[in-house]
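Participant: Okay, so here is my_file08.cif, and as you'll see once you scroll down, it has mmCIF, C-alpha atoms and all ligand atoms.
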```cif
data_run
#
loop_
_atom_site.group_PDB
_atom_site.id
_atom_site.type_symbol
_atom_site.label_atom_id
_atom_site.label_comp_id
_atom_site.auth_asym_id
_atom_site.auth_seq_id
_atom_site.Cartn_x
_atom_site.Cartn_y
_atom_site.Cartn_z
ATOM 1 C CA MET S 14 20.921 22.887 -1.995
ATOM 2 C CA GLN S 15 18.227 24.296 0.273
ATOM 3 C CA ASN S 16 19.461 26.398 3.190
ATOM 4 C CA VAL S 17 18.738 24.699 6.520
ATOM 5 C CA GLU S 18 18.574 28.038 8.343
ATOM 6 C CA ALA S 19 15.923 29.360 5.957
ATOM 7 C CA LEU S 20 13.990 26.078 6.150
ATOM 8 C CA ASN S 21 13.898 26.276 9.954
ATOM 9 C CA ARG S 22 12.854 29.903 9.803
ATOM 10 C CA ASP S 23 10.036 29.282 7.345
ATOM 11 C CA PHE S 24 8.851 25.753 8.220
ATOM 12 C CA GLY S 25 10.427 24.704 11.524
ATOM 13 C CA ARG S 26 8.166 23.991 14.513
ATOM 14 C CA PRO S 27 10.037 23.997 17.850
ATOM 15 C CA GLY S 28 9.943 20.590 19.508
ATOM 16 C CA ALA S 29 8.182 19.039 16.500
ATOM 17 C CA ILE S 30 9.876 19.784 13.151
ATOM 18 C CA ALA S 31 13.511 20.744 12.657
ATOM 19 C CA PHE S 32 15.666 20.875 9.531
ATOM 20 C CA GLU S 33 19.285 19.815 9.665
ATOM 21 C CA MET S 34 22.149 18.830 7.371
ATOM 22 C CA SER S 35 22.303 15.044 7.372
ATOM 23 C CA ASP S 36 25.582 13.132 7.614
ATOM 24 C CA LEU S 37 24.448 11.568 4.318
ATOM 25 C CA GLY S 38 25.161 14.899 2.629
ATOM 26 C CA GLY S 39 21.897 16.769 2.238
ATOM 27 C CA PRO S 40 19.164 18.672 4.088
ATOM 28 C CA VAL S 41 16.563 16.637 5.977
ATOM 29 C CA ALA S 42 13.459 17.341 8.059
ATOM 30 C CA ARG S 43 13.173 15.645 11.458
ATOM 31 C CA LEU S 44 9.557 15.119 12.583
ATOM 32 C CA SER S 45 8.814 14.138 16.205
ATOM 33 C CA ALA S 46 5.515 13.375 17.905
ATOM 34 C CA GLY S 47 5.159 11.245 21.023
ATOM 35 C CA ASP S 48 7.450 8.237 20.685
ATOM 36 C CA GLN S 49 7.556 8.466 16.875
ATOM 37 C CA THR S 50 10.302 10.142 14.852
ATOM 38 C CA ALA S 51 10.778 10.354 11.100
ATOM 39 C CA ILE S 52 13.619 11.817 9.033
ATOM 40 C CA VAL S 53 12.807 12.952 5.484
ATOM 41 C CA ALA S 54 15.378 14.087 2.918
ATOM 42 C CA LEU S 55 14.460 17.082 0.760
ATOM 43 C CA GLN S 56 16.028 15.038 -2.037
ATOM 44 C CA GLY S 57 13.168 13.007 -3.422
ATOM 45 C CA ALA S 58 11.057 13.745 -0.289
ATOM 46 C CA GLN S 59 12.507 10.402 0.756
ATOM 47 C CA VAL S 60 11.789 9.091 4.243
ATOM 48 C CA LEU S 61 15.141 7.784 5.492
ATOM 49 C CA SER S 62 14.153 6.722 8.999
ATOM 50 C CA TRP S 63 11.050 5.992 11.074
ATOM 51 C CA GLN S 64 11.612 5.174 14.712
ATOM 52 C CA ARG S 65 9.112 4.078 17.347
ATOM 53 C CA GLY S 66 10.927 4.792 20.549
ATOM 54 C CA GLU S 67 14.490 3.662 19.899
ATOM 55 C CA GLN S 68 13.465 0.984 17.396
ATOM 56 C CA GLU S 69 14.184 1.755 13.731
ATOM 57 C CA GLN S 70 11.420 0.354 11.501
ATOM 58 C CA LEU S 71 12.990 1.010 8.099
ATOM 59 C CA TRP S 72 16.088 -0.369 6.411
ATOM 60 C CA LEU S 73 18.639 2.060 4.935
ATOM 61 C CA SER S 74 21.828 1.000 3.197
ATOM 62 C CA PRO S 75 24.900 1.799 5.305
ATOM 63 C CA VAL S 76 26.472 3.258 2.143
ATOM 64 C CA ALA S 77 23.513 5.522 1.286
ATOM 65 C CA ARG S 78 24.538 9.034 0.234
ATOM 66 C CA LEU S 79 22.533 12.122 -0.705
ATOM 67 C CA GLY S 80 23.492 14.591 -3.420
ATOM 68 C CA ILE S 81 25.285 12.192 -5.780
ATOM 69 C CA SER S 82 22.493 12.103 -8.426
ATOM 70 C CA LYS S 83 21.866 8.431 -7.602
ATOM 71 C CA PRO S 84 18.778 7.053 -5.820
ATOM 72 C CA VAL S 85 19.238 6.398 -2.109
ATOM 73 C CA ARG S 86 18.958 2.641 -1.363
ATOM 74 C CA GLY S 87 16.468 2.224 1.463
ATOM 75 C CA GLY S 88 13.888 4.197 3.417
ATOM 76 C CA ILE S 89 10.869 5.059 1.264
ATOM 77 C CA PRO S 90 11.789 6.106 -2.295
ATOM 78 C CA VAL S 91 8.979 7.894 -4.169
ATOM 79 C CA CYS S 92 8.608 6.188 -7.540
ATOM 80 C CA TRP S 93 6.772 8.686 -9.787
ATOM 81 C CA PRO S 94 5.534 9.325 -12.493
ATOM 82 C CA TRP S 95 6.269 5.738 -13.516
ATOM 83 C CA PHE S 96 7.000 2.538 -11.594
ATOM 84 C CA GLY S 97 9.814 0.237 -12.702
ATOM 85 C CA PRO S 98 11.520 0.622 -16.090
ATOM 86 C CA HIS S 99 10.095 3.388 -18.317
ATOM 87 C CA PRO S 100 7.286 1.766 -20.320
ATOM 88 C CA ASP S 101 8.874 2.435 -23.707
ATOM 89 C CA ASP S 102 12.277 4.082 -23.284
ATOM 90 C CA ASP S 103 14.906 2.227 -21.291
ATOM 91 C CA THR S 104 17.281 5.184 -21.521
ATOM 92 C CA LYS S 105 15.062 6.885 -18.924
ATOM 93 C CA PRO S 106 15.673 6.213 -15.217
ATOM 94 C CA ALA S 107 13.853 3.363 -13.475
ATOM 95 C CA HIS S 108 11.063 4.378 -11.082
ATOM 96 C CA GLY S 109 10.612 7.851 -12.558
ATOM 97 C CA PHE S 110 12.807 10.881 -12.000
ATOM 98 C CA VAL S 111 11.679 12.675 -8.833
ATOM 99 C CA ARG S 112 13.488 10.482 -6.267
ATOM 100 C CA THR S 113 16.891 12.003 -7.088
ATOM 101 C CA ARG S 114 15.759 15.617 -7.381
ATOM 102 C CA PRO S 115 15.292 18.268 -4.673
ATOM 103 C CA TRP S 116 11.703 18.881 -3.628
ATOM 104 C CA ASP S 117 10.431 22.089 -2.037
ATOM 105 C CA MET S 118 8.664 22.476 1.272
ATOM 106 C CA ALA S 119 4.970 23.299 0.901
ATOM 107 C CA HIS S 120 3.944 23.496 4.566
ATOM 108 C CA THR S 121 4.204 21.892 7.995
ATOM 109 C CA GLN S 122 1.444 21.231 10.535
ATOM 110 C CA ILE S 123 1.066 20.282 14.174
ATOM 111 C CA ALA S 124 -2.277 18.896 15.386
ATOM 112 C CA ALA S 125 -3.890 20.922 18.160
ATOM 113 C CA ASP S 126 -3.184 18.164 20.692
ATOM 114 C CA ARG S 127 0.400 17.897 19.338
ATOM 115 C CA GLY S 128 -0.506 14.271 18.772
ATOM 116 C CA THR S 129 0.546 14.368 15.126
ATOM 117 C CA VAL S 130 3.107 16.321 13.175
ATOM 118 C CA ALA S 131 3.150 16.577 9.378
ATOM 119 C CA ALA S 132 5.338 18.022 6.647
ATOM 120 C CA THR S 133 4.334 18.410 3.010
ATOM 121 C CA PHE S 134 6.895 18.341 0.211
ATOM 122 C CA VAL S 135 6.147 19.382 -3.358
ATOM 123 C CA PHE S 136 7.611 18.842 -6.833
ATOM 124 C CA ALA S 137 6.315 20.440 -10.029
ATOM 125 C CA THR S 138 7.155 19.092 -13.490
ATOM 126 C CA GLY S 139 7.749 21.640 -16.207
ATOM 127 C CA SER S 140 9.553 22.300 -19.458
ATOM 128 C CA GLU S 141 12.913 21.276 -17.975
ATOM 129 C CA HIS S 142 11.555 17.751 -17.518
ATOM 130 C CA ALA S 143 9.770 17.548 -20.900
ATOM 131 C CA ALA S 144 12.381 15.191 -22.371
ATOM 132 C CA LEU S 145 11.663 12.791 -19.524
ATOM 133 C CA TRP S 146 7.890 13.291 -19.175
ATOM 134 C CA PRO S 147 6.009 15.796 -21.352
ATOM 135 C CA TYR S 148 3.254 16.644 -18.887
ATOM 136 C CA GLU S 149 2.700 19.465 -16.403
ATOM 137 C CA ALA S 150 1.834 18.063 -13.003
ATOM 138 C CA GLN S 151 2.421 18.710 -9.350
ATOM 139 C CA VAL S 152 3.112 15.926 -6.880
ATOM 140 C CA GLN S 153 2.942 16.456 -3.136
ATOM 141 C CA LEU S 154 4.043 14.060 -0.401
ATOM 142 C CA THR S 155 2.709 14.579 3.115
ATOM 143 C CA VAL S 156 4.608 12.663 5.801
ATOM 144 C CA LYS S 157 2.905 12.426 9.201
ATOM 145 C CA VAL S 158 4.028 10.902 12.500
ATOM 146 C CA GLY S 159 1.871 10.388 15.543
ATOM 147 C CA THR S 160 0.547 6.930 16.350
ATOM 148 C CA GLY S 161 2.582 5.567 13.421
ATOM 149 C CA LEU S 162 3.908 6.791 10.085
ATOM 150 C CA SER S 163 1.570 7.941 7.309
ATOM 151 C CA LEU S 164 2.392 9.011 3.764
ATOM 152 C CA SER S 165 0.030 10.613 1.277
ATOM 153 C CA LEU S 166 1.125 11.118 -2.348
ATOM 154 C CA GLU S 167 -1.134 13.503 -4.260
ATOM 155 C CA THR S 168 -0.819 14.164 -7.997
ATOM 156 C CA ILE S 169 -2.534 17.127 -9.672
ATOM 157 C CA ASN S 170 -2.710 17.364 -13.478
ATOM 158 C CA ARG S 171 -1.724 20.967 -14.182
ATOM 159 C CA GLY S 172 -1.711 20.539 -17.954
ATOM 160 C CA THR S 173 -4.323 20.664 -20.703
ATOM 161 C CA ARG S 174 -4.002 16.992 -21.691
ATOM 162 C CA PRO S 175 -4.988 13.834 -19.830
ATOM 163 C CA LEU S 176 -1.998 12.098 -18.252
ATOM 164 C CA ILE S 177 -1.287 8.510 -17.284
ATOM 165 C CA LEU S 178 0.960 7.609 -14.385
ATOM 166 C CA SER S 179 2.134 4.685 -12.325
ATOM 167 C CA GLU S 180 3.669 5.151 -8.878
ATOM 168 C CA ALA S 181 4.900 3.492 -5.706
ATOM 169 C CA LEU S 182 5.951 4.248 -2.173
ATOM 170 C CA HIS S 183 8.848 1.806 -2.323
ATOM 171 C CA THR S 184 9.232 1.050 1.381
ATOM 172 C CA TYR S 185 12.246 -0.881 2.696
ATOM 173 C CA PHE S 186 11.318 -2.424 6.044
ATOM 174 C CA ARG S 187 14.049 -3.459 8.442
ATOM 175 C CA VAL S 188 13.688 -7.088 9.617
ATOM 176 C CA SER S 189 15.747 -8.984 12.170
ATOM 177 C CA ASP S 190 16.129 -11.935 9.802
ATOM 178 C CA ILE S 191 14.332 -12.669 6.546
ATOM 179 C CA ALA S 192 13.959 -16.296 7.666
ATOM 180 C CA GLY S 193 11.499 -15.160 10.338
ATOM 181 C CA VAL S 194 9.411 -12.942 8.049
ATOM 182 C CA SER S 195 5.809 -13.635 7.089
ATOM 183 C CA ILE S 196 3.667 -11.236 5.014
ATOM 184 C CA GLY S 197 -0.083 -11.644 5.409
ATOM 185 C CA GLY S 198 -3.157 -10.124 3.763
ATOM 186 C CA LEU S 199 -2.418 -11.089 0.165
ATOM 187 C CA ASP S 200 -3.822 -14.631 0.281
ATOM 188 C CA GLY S 201 -5.676 -15.394 -2.955
ATOM 189 C CA ILE S 202 -4.465 -12.193 -4.680
ATOM 190 C CA PRO S 203 -3.070 -12.626 -8.202
ATOM 191 C CA TYR S 204 0.489 -11.460 -8.769
ATOM 192 C CA ILE S 205 2.849 -10.881 -11.685
ATOM 193 C CA ASP S 206 6.001 -12.886 -11.025
ATOM 194 C CA LYS S 207 8.731 -10.668 -12.477
ATOM 195 C CA LEU S 208 11.224 -13.485 -12.028
ATOM 196 C CA ASP S 209 9.213 -16.064 -13.984
ATOM 197 C CA GLY S 210 8.357 -14.498 -17.310
ATOM 198 C CA GLU S 211 5.961 -12.008 -15.724
ATOM 199 C CA ILE S 212 3.332 -14.747 -15.664
ATOM 200 C CA LEU S 213 0.284 -14.272 -13.472
ATOM 201 C CA LYS S 214 0.118 -16.505 -10.382
ATOM 202 C CA SER S 215 -2.073 -16.581 -7.304
ATOM 203 C CA GLN S 216 -0.837 -16.128 -3.752
ATOM 204 C CA ILE S 217 -1.558 -19.033 -1.481
ATOM 205 C CA GLY S 218 -1.433 -18.151 2.204
ATOM 206 C CA PRO S 219 1.127 -15.807 3.797
ATOM 207 C CA ILE S 220 4.377 -14.960 1.979
ATOM 208 C CA ALA S 221 7.615 -16.424 3.297
ATOM 209 C CA ILE S 222 10.865 -15.412 1.607
ATOM 210 C CA GLY S 223 13.669 -17.907 1.013
ATOM 211 C CA ARG S 224 15.041 -16.631 -2.332
ATOM 212 C CA GLU S 225 14.832 -13.588 -4.630
ATOM 213 C CA VAL S 226 11.229 -12.368 -4.795
ATOM 214 C CA ASP S 227 9.897 -9.652 -7.126
ATOM 215 C CA ARG S 228 6.108 -9.639 -7.373
ATOM 216 C CA ILE S 229 3.431 -7.113 -8.288
ATOM 217 C CA TYR S 230 0.162 -8.068 -6.598
ATOM 218 C CA VAL S 231 -2.658 -6.723 -8.738
ATOM 219 C CA GLY S 232 -5.995 -5.613 -7.379
ATOM 220 C CA ALA S 233 -4.405 -5.676 -3.926
ATOM 221 C CA THR S 234 -6.487 -3.342 -1.817
ATOM 222 C CA HIS S 235 -6.443 -5.306 1.424
ATOM 223 C CA ASP S 236 -4.574 -4.499 4.608
ATOM 224 C CA VAL S 237 -1.183 -6.193 4.756
ATOM 225 C CA THR S 238 0.743 -7.329 7.820
ATOM 226 C CA LEU S 239 4.471 -7.801 8.158
ATOM 227 C CA ARG S 240 5.551 -10.224 10.867
ATOM 228 C CA ASP S 241 9.223 -10.193 11.811
ATOM 229 C CA GLY S 242 9.560 -12.649 14.669
ATOM 230 C CA ALA S 243 7.501 -11.192 17.522
ATOM 231 C CA ARG S 244 7.268 -7.751 15.832
ATOM 232 C CA LYS S 245 4.156 -7.023 13.791
ATOM 233 C CA LEU S 246 3.482 -4.070 11.477
ATOM 234 C CA ALA S 247 0.077 -3.177 10.019
ATOM 235 C CA ILE S 248 0.048 -1.620 6.514
ATOM 236 C CA LYS S 249 -3.172 0.099 5.392
ATOM 237 C CA SER S 250 -3.198 1.589 1.881
ATOM 238 C CA GLN S 251 -5.742 3.775 0.106
ATOM 239 C CA GLY S 252 -5.881 4.861 -3.525
ATOM 240 C CA SER S 253 -3.564 1.962 -4.362
ATOM 241 C CA ALA S 254 -4.516 -1.023 -6.518
ATOM 242 C CA SER S 255 -1.167 -2.829 -6.424
ATOM 243 C CA ALA S 256 1.229 -4.102 -3.805
ATOM 244 C CA VAL S 257 4.846 -4.966 -4.589
ATOM 245 C CA VAL S 258 6.930 -7.443 -2.578
ATOM 246 C CA TRP S 259 10.654 -7.503 -3.269
ATOM 247 C CA ASN S 260 13.770 -9.045 -1.814
ATOM 248 C CA PRO S 261 16.922 -9.131 -3.985
ATOM 249 C CA TRP S 262 18.459 -12.137 -2.176
ATOM 250 C CA ASP S 263 22.174 -12.884 -2.450
ATOM 251 C CA ARG S 264 23.184 -12.614 -6.112
ATOM 252 C CA LYS S 265 21.155 -9.480 -6.906
ATOM 253 C CA THR S 266 22.436 -7.888 -3.694
ATOM 254 C CA LEU S 267 25.956 -8.258 -5.089
ATOM 255 C CA ARG S 268 24.886 -6.960 -8.519
ATOM 256 C CA LEU S 269 23.187 -3.901 -7.010
ATOM 257 C CA GLY S 270 26.445 -3.002 -5.249
ATOM 258 C CA ASP S 271 24.873 -0.417 -2.911
ATOM 259 C CA MET S 272 23.276 -2.648 -0.294
ATOM 260 C CA GLY S 273 26.257 -2.222 2.025
ATOM 261 C CA SER S 274 27.066 -5.895 2.717
ATOM 262 C CA PRO S 275 26.597 -9.262 0.963
ATOM 263 C CA ASP S 276 24.046 -10.402 3.569
ATOM 264 C CA ALA S 277 22.060 -7.129 3.655
ATOM 265 C CA TYR S 278 19.129 -8.915 1.993
ATOM 266 C CA ARG S 279 18.607 -10.862 5.243
ATOM 267 C CA HIS S 280 17.677 -7.662 7.078
ATOM 268 C CA MET S 281 15.213 -6.028 4.730
ATOM 269 C CA VAL S 282 12.073 -6.586 2.731
ATOM 270 C CA CYS S 283 10.242 -4.165 0.444
ATOM 271 C CA ILE S 284 6.450 -4.000 0.740
ATOM 272 C CA GLU S 285 5.331 -1.236 -1.581
ATOM 273 C CA THR S 286 2.046 0.617 -1.872
ATOM 274 C CA ALA S 287 1.669 1.187 -5.604
ATOM 275 C CA ASN S 288 -0.332 1.653 -8.754
ATOM 276 C CA ALA S 289 1.798 -0.462 -11.069
ATOM 277 C CA ALA S 290 1.581 -2.791 -14.082
ATOM 278 C CA ASN S 291 -1.940 -2.433 -15.498
ATOM 279 C CA ASP S 292 -3.141 -0.531 -12.430
ATOM 280 C CA LEU S 293 -2.418 2.795 -14.150
ATOM 281 C CA VAL S 294 -3.832 6.121 -12.957
ATOM 282 C CA MET S 295 -5.416 8.310 -15.602
ATOM 283 C CA LEU S 296 -5.945 11.963 -14.758
ATOM 284 C CA ALA S 297 -7.977 14.482 -16.742
ATOM 285 C CA PRO S 298 -6.748 18.091 -16.750
ATOM 286 C CA ALA S 299 -7.099 19.606 -13.245
ATOM 287 C CA ALA S 300 -7.937 16.190 -11.767
ATOM 288 C CA HIS S 301 -6.301 15.012 -8.522
ATOM 289 C CA HIS S 302 -5.296 11.511 -7.365
ATOM 290 C CA THR S 303 -4.063 10.530 -3.912
ATOM 291 C CA MET S 304 -2.361 7.297 -2.893
ATOM 292 C CA SER S 305 -1.734 6.931 0.834
ATOM 293 C CA VAL S 306 -0.482 4.414 3.369
ATOM 294 C CA ASP S 307 -0.491 4.100 7.148
ATOM 295 C CA TYR S 308 2.136 2.047 8.996
ATOM 296 C CA ARG S 309 1.598 1.037 12.613
ATOM 297 C CA VAL S 310 3.594 -1.201 14.924
ATOM 298 C CA VAL S 311 0.882 -3.361 16.526
HETATM 299 O O1 LIG S 401 10.006 -2.751 -6.552
HETATM 300 C C1 LIG S 401 10.827 -3.817 -6.974
HETATM 301 C C2 LIG S 401 11.777 -3.311 -8.046
HETATM 302 O O2 LIG S 401 11.074 -2.857 -9.178
HETATM 303 C C3 LIG S 401 12.772 -4.419 -8.381
HETATM 304 O O3 LIG S 401 12.546 -4.948 -9.677
HETATM 305 C C4 LIG S 401 14.144 -3.726 -8.251
HETATM 306 O O4 LIG S 401 14.530 -3.139 -9.470
HETATM 307 C C5 LIG S 401 13.821 -2.698 -7.167
HETATM 308 O O5 LIG S 401 12.548 -2.190 -7.547
HETATM 309 C C6 LIG S 401 14.873 -1.639 -6.942
HETATM 310 O O6 LIG S 401 14.900 -0.739 -8.008
HETATM 311 P P1 LIG S 401 16.030 0.423 -7.958
HETATM 312 O O7 LIG S 401 15.845 1.187 -9.237
HETATM 313 O O8 LIG S 401 15.766 1.265 -6.738
HETATM 314 O O9 LIG S 401 17.350 -0.307 -7.852
#
```
Would you kindly transcribe this structure into structure tokens?
Facilitator:
Amino acid sequence: MQNVEALNRDFGRPGAIAFEMSDLGGPVARLSAGDQTAIVALQGAQVLSWQRGEQEQLWLSPVARLGISKPVRGGIPVCWPWFGPHPDDDTKPAHGFVRTRPWDMAHTQIAADRGTVAATFVFATGSEHAALWPYEAQVQLTVKVGTGLSLSLETINRGTRPLILSEALHTYFRVSDIAGVSIGGLDGIPYIDKLDGEILKSQIGPIAIGREVDRIYVGATHDVTLRDGARKLAIKSQGSASAVVWNPWDRKTLRLGDMGSPDAYRHMVCIETANAANDLVMLAPAAHHTMSVDYRVV
């Protein structure tokens, strides 16, 4: 487990970036700029919290723990180098294998006007991962706070063969009550309904959620808005061809067992920036690909 003292010595920025041992059981980076704060676990480079002022914008399971070799339920899991079940081997973990592993710090930055603060985390695949994914690649996540929260996920093919990947920033948004949620910006976009034989349907109007929803919107490159009562969040993605909308509802919440309470589904919704389903990313040797997203409370 990375040493917090060494992390602060090498990457800390007084008043902007500090590393600490989280109560969840692992090292985290705390980024602060203006009225925005983010907390990122070194495990999986997973954002666990994003606050604007005192208001938490993300949902995190009350039973989330770090360092137990299980994915943390909530925040922003990094699904890489595949989204969902492994395409042809269901003995491999869902949503890739980097979200449960420790990432390294690459660098930290403060903008000249101290308006934004950023930290970059890095994970390199190698021979020890060959049984899971036989490619050499590096993936970097840059998390930035300033006027909102921004994430940028860059993949570099370090091998000699072309590679294919799917990916997602699997964001769990906190909502006051799912009954008051409306997701806009996907009107007319086709989606794969994973709960109805994966058939292709078309979105009509904004999305309201009154039962389990698990959809991959394909060719979704538009801005998305999340309305939660009077609160409104703008979601702008780049380098992403898919958007995923998920709420487990009541029965799946019980089956998951790590949501923290039977009614947890009423206080969260996942809106994920992704390249999923047929929106695969193909990278030639030495090629780079970046998928990014900006979240703003508007
Ligand atoms: O993004 C939606 C989804 O693929 C759902 O099908 C559900 O499995 C969810 O991700 C959570 O996956 P996880 O492996 O984190 O339990």
Participant: Within 8 Å of ligand LIG 401 (chain S), which residues of chain S show up? Give each one with its shortest atom-to-atom distance in Å (one decimal) and the two atoms involved, counting only C-alpha atoms and all ligand atoms, rows by chain then rising residue number, as CSV.
Facilitator:
```
residue,atom,partner,partner_atom,distance
S:Pro84,CA,S:LIG401,O8,6.6
S:Val85,CA,S:LIG401,O8,7.7
S:Arg86,CA,S:LIG401,O8,6.4
S:Pro90,CA,S:LIG401,O8,7.7
S:Phe96,CA,S:LIG401,O2,7.2
S:Gly97,CA,S:LIG401,O2,4.9
S:Pro98,CA,S:LIG401,O2,7.8
S:Pro106,CA,S:LIG401,O7,7.8
S:Ala107,CA,S:LIG401,O7,5.2
S:His108,CA,S:LIG401,O7,6.0
S:His183,CA,S:LIG401,O1,6.3
S:Lys207,CA,S:LIG401,O3,7.4
S:Asp227,CA,S:LIG401,C1,5.9
S:Arg228,CA,S:LIG401,C1,7.5
S:Val257,CA,S:LIG401,O1,5.9
S:Val258,CA,S:LIG401,O1,6.9
S:Trp259,CA,S:LIG401,C1,5.2
S:Asn260,CA,S:LIG401,C1,7.9
S:Pro261,CA,S:LIG401,C4,7.4
S:Leu269,CA,S:LIG401,O9,6.9
S:Cys283,CA,S:LIG401,O1,7.1
S:Glu285,CA,S:LIG401,O1,7.0
```
Participant: What lies within 9 Å of Gln49 in chain S using all atoms listed in the file, ignoring chain neighbours under 6 positions off, as a list in words?
Facilitator: Trp63, Gln64, Arg65, Gly66, Glu67, Val158, Gly159, Thr160, Gly161 and Leu162 of chain S
Participant: Identify which of the residues S:Gly197, S:Asp292, S:Glu167, S:Leu73 lies closest to Ser274 in chain S, counting all atoms listed in the file when measuring atom-to-atom distances.
Facilitator: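 Comparing S:Gly197, S:Asp292, S:Glu167, S:Leu73 against Ser274 in chain S, the winner is S:Leu73.
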Participant: If we count all atoms listed in the file and set the cut-off at 9 Å, which residues sit around range 18-26 of chain S, ignoring sequence neighbours fewer than 5 positions away in its own chain? Please answer as a list in words.
Facilitator: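 My list of contacting residues is Ala31, Phe32, Glu33, Ala42, Met118, Ala119, His120, Thr121, Gln122, Ile123 and Ala132 of chain S.
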Participant: Convert the output of the PyMOL selection byres (((chain S and resi 170) around 12) and not hetatm) on the shown file into explicit residues, formatted as a compact mmCIF listing (two decimals) with C-alpha atoms, keeping the file's coordinate frame.
Facilitator:
```txt
# COMPACT_ATOMS: atom_id res chain seq x y z
CA PRO S 94 5.53 9.32 -12.49
CA ALA S 137 6.32 20.44 -10.03
CA THR S 138 7.16 19.09 -13.49
CA GLY S 139 7.75 21.64 -16.21
CA PRO S 147 6.01 15.80 -21.35
CA TYR S 148 3.25 16.64 -18.89
CA GLU S 149 2.70 19.46 -16.40
CA ALA S 150 1.83 18.06 -13.00
CA GLN S 151 2.42 18.71 -9.35
CA VAL S 152 3.11 15.93 -6.88
CA GLN S 153 2.94 16.46 -3.14
CA GLU S 167 -1.13 13.50 -4.26
CA THR S 168 -0.82 14.16 -8.00
CA ILE S 169 -2.53 17.13 -9.67
CA ARG S 171 -1.72 20.97 -14.18
CA GLY S 172 -1.71 20.54 -17.95
CA THR S 173 -4.32 20.66 -20.70
CA ARG S 174 -4.00 16.99 -21.69
CA PRO S 175 -4.99 13.83 -19.83
CA LEU S 176 -2.00 12.10 -18.25
CA ILE S 177 -1.29 8.51 -17.28
CA LEU S 178 0.96 7.61 -14.38
CA VAL S 294 -3.83 6.12 -12.96
CA MET S 295 -5.42 8.31 -15.60
CA LEU S 296 -5.94 11.96 -14.76
CA ALA S 297 -7.98 14.48 -16.74
CA PRO S 298 -6.75 18.09 -16.75
CA ALA S 299 -7.10 19.61 -13.24
CA ALA S 300 -7.94 16.19 -11.77
CA HIS S 301 -6.30 15.01 -8.52
CA HIS S 302 -5.30 11.51 -7.36
CA THR S 303 -4.06 10.53 -3.91
```
Participant: Tell me which of S:Gly273, S:Pro40, S:Gly47, S:Gly232 sits closest to Arg127 in chain S, counting all atoms listed in the file.
Facilitator: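 Looking at the shortest contact to Arg127 in chain S, the residue is S:Gly47.
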Participant: Interatomic distance between CA of Lys265 in chain S and CA of Gly223 in chain S?
Facilitator: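 Atom-to-atom, CA of Lys265 in chain S and CA of Gly223 in chain S are spaced 13.8 Å apart.
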Participant: Rounded to one decimal, what separation in Å do you get between CA of His280 in chain S and CA of Ile30 in chain S?
Facilitator: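 That distance, rounded to one decimal, is 29.2 Å.
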Participant: Report, in Å with one decimal, the straight-line distance from CA of Val282 in chain S to CA of Val226 in chain S.
Facilitator: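 CA of Val226 in chain S lies at a distance of 9.5 Å from CA of Val282 in chain S.
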Participant: Give me the residues within 6 Å of Gly201 in chain S as a ChimeraX atom specification, counting only C-alpha atoms and dropping any in the same chain fewer than 3 places off.
Facilitator: /S:215-217
Participant: I need the residue set behind the PyMOL selection byres (((chain S and resi 187) around 9) and not hetatm) for this file; please write it as a PDB file with C-alpha atoms, in the frame of the given file.
Facilitator:
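Below is the file that was written, result-v5.pdb:
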```
ATOM      1  CA  GLU S  69      14.184   1.755  13.731  1.00  0.00           C
ATOM      2  CA  GLN S  70      11.420   0.354  11.501  1.00  0.00           C
ATOM      3  CA  LEU S  71      12.990   1.010   8.099  1.00  0.00           C
ATOM      4  CA  TRP S  72      16.088  -0.369   6.411  1.00  0.00           C
ATOM      5  CA  LEU S  73      18.639   2.060   4.935  1.00  0.00           C
ATOM      6  CA  TYR S 185      12.246  -0.881   2.696  1.00  0.00           C
ATOM      7  CA  PHE S 186      11.318  -2.424   6.044  1.00  0.00           C
ATOM      8  CA  VAL S 188      13.688  -7.088   9.617  1.00  0.00           C
ATOM      9  CA  SER S 189      15.747  -8.984  12.170  1.00  0.00           C
ATOM     10  CA  ASP S 190      16.129 -11.935   9.802  1.00  0.00           C
ATOM     11  CA  ASP S 241       9.223 -10.193  11.811  1.00  0.00           C
ATOM     12  CA  HIS S 280      17.677  -7.662   7.078  1.00  0.00           C
ATOM     13  CA  MET S 281      15.213  -6.028   4.730  1.00  0.00           C
ATOM     14  CA  VAL S 282      12.073  -6.586   2.731  1.00  0.00           C
ATOM     15  CA  CYS S 283      10.242  -4.165   0.444  1.00  0.00           C
TER      16      CYS S 283
END
```
